[in-house]
Amino acid sequence: MHVYSNTMEQRLTDILYLIKRSRNNAIKAVNTELINLYWNIGEYISKQVESTEWGQSVVKELVEYIKHNEPEIKGFLVKNLWRMKQFYETYKNFPKLSTLVRELSWSHNLAIFARCKYNEEREFYLKISNQENYSFRELDRQISSGYLNVL
């Protein structure tokens with residue numbers, strides 16, 4: 001066990017803080033980019049379906065195309081692509097909410113847009129999850145308990 005002077009310990013603590021802050025910033029940046037990707041895929045699919053150019057069979061073909069051409073890319077299953085479409089369609093007309101979704105993980109977003117019926121409810125959980133830094137489990141518990149309805 002090392003014994004450090006207060007000054008040295010503070011310097012070491014400062015460096016550790018910088019490391020943790022940078023790691024958290026990197027995770028947030030990756031998360032934001034993933035949410036942007038899912039938003040863009042959802043938008044693309046939504047517009048193709050809306051113009052009747054695409055249906056379920058084309059989305060299945062897309063999944064097979066991704067698997068065949070980029071087998072290391074995971075998570076792009078039919079169900080997930082339809083969720084991305086639903087995600088986009090849920091928030092596309094609500095710019096305030098579409099900004100908030102980029103601050104949370106995909107699993108947080110899935111829980112909120114799939115389980116909350118109204119935009120006010122979605123906005124509440126998007127904001128409180130971000131402000132309180134809720135884990136997925138805590139967010140799930142809050143939604144299940146009807147936390148918004150208690151306030």
# chains A, B, ... in the order shown; residues from 1 in each chain; ligands from 1
>>> residues_around(residues="stretch 41-51 of chain A", least_positions_apart="2", cutoff="8 Å", atoms="only C-alpha atoms", output="number ranges by chain")
A: 37-39, 53-55, 81-89
>>> residues_around(residues="stretch 102-118 of chain A", least_positions_apart="4", cutoff="8 Å", atoms="only C-alpha atoms", output="count of residues only")
18
>>> closest_residue(among="A:Glu61, A:Arg11, A:Phe76, A:Asn40", to="A:Lys92", atoms="only C-alpha atoms")
A:Asn40
>>> select_by_dssp(residues="stretch 61-114 of chain A", states="helix (DSSP H, G or I)", output="PyMOL selection string")
chain A and resi 61-69+78-91+95-103+106-114
>>> write_last_selection(atoms="C-alpha atoms", output="short mmCIF file (atom, residue, chain, number, x, y, z; two decimals), in the first residue's frame")
data_model
loop_
_atom_site.label_atom_id
_atom_site.label_comp_id
_atom_site.auth_asym_id
_atom_site.auth_seq_id
_atom_site.Cartn_x
_atom_site.Cartn_y
_atom_site.Cartn_z
CA GLU A 61 -34.43 -9.10 -47.58
CA LEU A 62 -32.51 -6.20 -46.04
CA VAL A 63 -31.70 -8.32 -42.97
CA GLU A 64 -30.46 -11.15 -45.18
CA TYR A 65 -28.47 -8.69 -47.29
CA ILE A 66 -26.75 -7.27 -44.20
CA LYS A 67 -26.00 -10.79 -42.88
CA HIS A 68 -24.59 -11.88 -46.23
CA ASN A 69 -22.51 -8.78 -46.99
CA VAL A 78 -36.39 -7.85 -38.72
CA LYS A 79 -37.90 -7.09 -35.31
CA ASN A 80 -35.20 -4.52 -34.54
CA LEU A 81 -35.57 -2.77 -37.89
CA TRP A 82 -39.33 -2.45 -37.34
CA ARG A 83 -38.59 -1.03 -33.87
CA MET A 84 -36.32 1.56 -35.46
CA LYS A 85 -39.18 2.51 -37.77
CA GLN A 86 -41.56 2.74 -34.80
CA PHE A 87 -38.97 4.79 -32.88
CA TYR A 88 -38.67 7.29 -35.71
CA GLU A 89 -42.43 7.51 -36.23
CA THR A 90 -43.06 8.01 -32.52
CA TYR A 91 -40.84 11.09 -32.30
CA PRO A 95 -38.51 17.97 -32.23
CA LYS A 96 -38.17 18.56 -28.48
CA LEU A 97 -38.50 14.84 -27.80
CA SER A 98 -36.35 13.78 -30.74
CA THR A 99 -33.51 15.78 -29.18
CA LEU A 100 -33.98 14.14 -25.77
CA VAL A 101 -33.89 10.59 -27.16
CA ARG A 102 -30.28 11.09 -28.25
CA GLU A 103 -29.24 11.52 -24.62
CA TRP A 106 -31.32 2.43 -27.02
CA SER A 107 -32.67 0.17 -24.25
CA HIS A 108 -33.91 3.22 -22.30
CA ASN A 109 -35.56 4.54 -25.45
CA LEU A 110 -37.19 1.20 -26.20
CA ALA A 111 -38.69 1.06 -22.73
CA ILE A 112 -40.05 4.59 -22.98
CA PHE A 113 -41.50 4.60 -26.47
CA ALA A 114 -42.89 1.08 -26.22
#
>>> atom_distance(atom1="atom CA of A:Tyr4", atom2="atom CA of A:Ile19")
19.8 Å
>>> atom_distance(atom1="atom CA of A:Asn93", atom2="atom CA of A:Gln56")
24.0 Å
